[in-house]
Amino acid sequence: MIDAVGQVLGEAVGVAISPVPIVALILMLFSRDAGRNSLAFLAGWLLGLTGVALLVIALGIGSESGSDSGGIAKVAIGLLFLALGVRQWSNRPRQGEQPPMPAWMSSVDTLGPFKAFALGLLLTTLNPKNLGLTISAAASIASSGLERGQELAVLATFVVLASSTIILPVAIYAIAGERARAILDSAKGWLIRNNSTVMTILFLVLGAKVLGDGLAALA
């Protein structure tokens, strides 16, 4: 089972390094109903990761009987990540420019719990990076040959690690309350300024890894 955890560790780190969702969560923590909204966002995030992974495992993508499908999926995801890395770099802000953020981000601090939950769900199930990495990790779990209980344990480990950067701000706010504002605001500023660079490197590294894993599975 340790080997299976090692196989999904890279994907978990890739999901965890998600500047836009982290910034969205921090903005929620500055809203009027910060506690409920942040917990709702976290719940949607966890449900999205878990639901996608369970679906992949249930369909047997990457299992012994469907190893070719798992390899093909990983090759496609790897190529997509490499393309996204090139696109991210070509669209990066020039020196002195203010990095743009998604238009919907301006209203994040006004969302209620239901919409916060929906946003967390969408940022895992519709975000190409997070969706692709979750599918890749679940395919690795399905091909590990573990018993179902062990598969679920590895899946739970993946979800917790992939969600660590979402769980941490919620925990900081729960412990420190308004005293955490300075820390969270500083983190938000750094993520906004360095989003393009972080995502470019991440897409290229993960694209190469997932592509290599897919080619190895098809060999």
# chains A, B, ... in the order shown; residues from 1 in each chain; ligands from 1
call {"tool": "select_by_dssp", "arguments": {"residues": "segment 92-170 of chain A", "states": "helix (DSSP H, G or I)", "output": "PyMOL selection string"}}
result
chain A and resi 103-110+113-125+128-142+148-162+164-170
call {"tool": "residues_around", "arguments": {"residues": "segment 134-141 of chain A", "least_positions_apart": "2", "cutoff": "9 Å", "atoms": "only C-alpha atoms", "output": "MDAnalysis selection string"}}
result
chainID A and resid 4:5 7:12 15 49:50 52:57 60:63 67 70:71 73:74 77 124 129:132 143:146 151:152 154:155 158:159 210
call {"tool": "atom_distance", "arguments": {"atom1": "atom CA of Ser163 of chain A", "atom2": "atom CA of Gly149 of chain A"}}
result
21.0 Å
call {"tool": "closest_residue", "arguments": {"among": "A:Ala83, A:Ala162, A:Ala176, A:Val170", "to": "Leu27 of chain A", "atoms": "only C-alpha atoms"}}
result
A:Val170
call {"tool": "residues_around", "arguments": {"residues": "segment 186-199 of chain A", "least_positions_apart": "3", "cutoff": "10 Å", "atoms": "only C-alpha atoms", "output": "PyMOL selection string"}}
result
chain A and resi 14+17-20+22-27+84-85+87-93+97-101+129+169+181-183+202-205
call {"tool": "closest_residue", "arguments": {"among": "A:Leu59, A:Leu46, A:Leu82, A:Met1", "to": "Gly212 of chain A", "atoms": "only C-alpha atoms"}}
result
A:Leu82
call {"tool": "closest_residue", "arguments": {"among": "A:Ile201, A:Leu206, A:Ile2, A:Ala40", "to": "Ala118 of chain A", "atoms": "only C-alpha atoms"}}
result
A:Ala40
call {"tool": "closest_residue", "arguments": {"among": "A:Phe30, A:Phe81, A:Phe41, A:Tyr173", "to": "Gly120 of chain A", "atoms": "only C-alpha atoms"}}
result
A:Phe41
call {"tool": "closest_residue", "arguments": {"among": "A:Leu80, A:Leu29, A:Ala142, A:Val13", "to": "Ala58 of chain A", "atoms": "only C-alpha atoms"}}
result
A:Ala142
call {"tool": "closest_residue", "arguments": {"among": "A:Leu122, A:Ser107, A:Val86, A:Leu79", "to": "Ala43 of chain A", "atoms": "only C-alpha atoms"}}
result
A:Leu122
call {"tool": "residues_around", "arguments": {"residues": "Leu39 of chain A", "least_positions_apart": "5", "cutoff": "9 Å", "atoms": "only C-alpha atoms", "output": "PyMOL selection string"}}
result
chain A and resi 34+44+113+116-117+170
call {"tool": "write_last_selection", "arguments": {"atoms": "N, CA, C and O atoms", "output": "short mmCIF file (atom, residue, chain, number, x, y, z; two decimals), in the first residue's frame"}}
result
data_model
loop_
_atom_site.label_atom_id
_atom_site.label_comp_id
_atom_site.auth_asym_id
_atom_site.auth_seq_id
_atom_site.Cartn_x
_atom_site.Cartn_y
_atom_site.Cartn_z
N ALA A 34 -17.50 34.14 7.26
CA ALA A 34 -16.29 33.43 6.86
C ALA A 34 -16.28 31.97 7.29
O ALA A 34 -15.89 31.09 6.51
N GLY A 44 -17.28 21.12 -0.53
CA GLY A 44 -17.44 20.94 -1.96
C GLY A 44 -16.17 20.45 -2.62
O GLY A 44 -16.19 19.58 -3.50
N PRO A 113 -23.14 30.15 1.79
CA PRO A 113 -22.62 28.78 1.94
C PRO A 113 -22.93 27.87 0.75
O PRO A 113 -22.07 27.08 0.33
N ALA A 116 -20.73 28.81 -2.13
CA ALA A 116 -19.35 28.48 -1.77
C ALA A 116 -19.11 26.99 -1.93
O ALA A 116 -18.06 26.56 -2.44
N PHE A 117 -20.08 26.17 -1.52
CA PHE A 117 -19.99 24.72 -1.71
C PHE A 117 -19.90 24.39 -3.19
O PHE A 117 -19.06 23.58 -3.61
N VAL A 170 -8.31 27.25 6.38
CA VAL A 170 -9.52 27.10 7.21
C VAL A 170 -9.12 26.87 8.66
O VAL A 170 -9.71 27.45 9.59
#
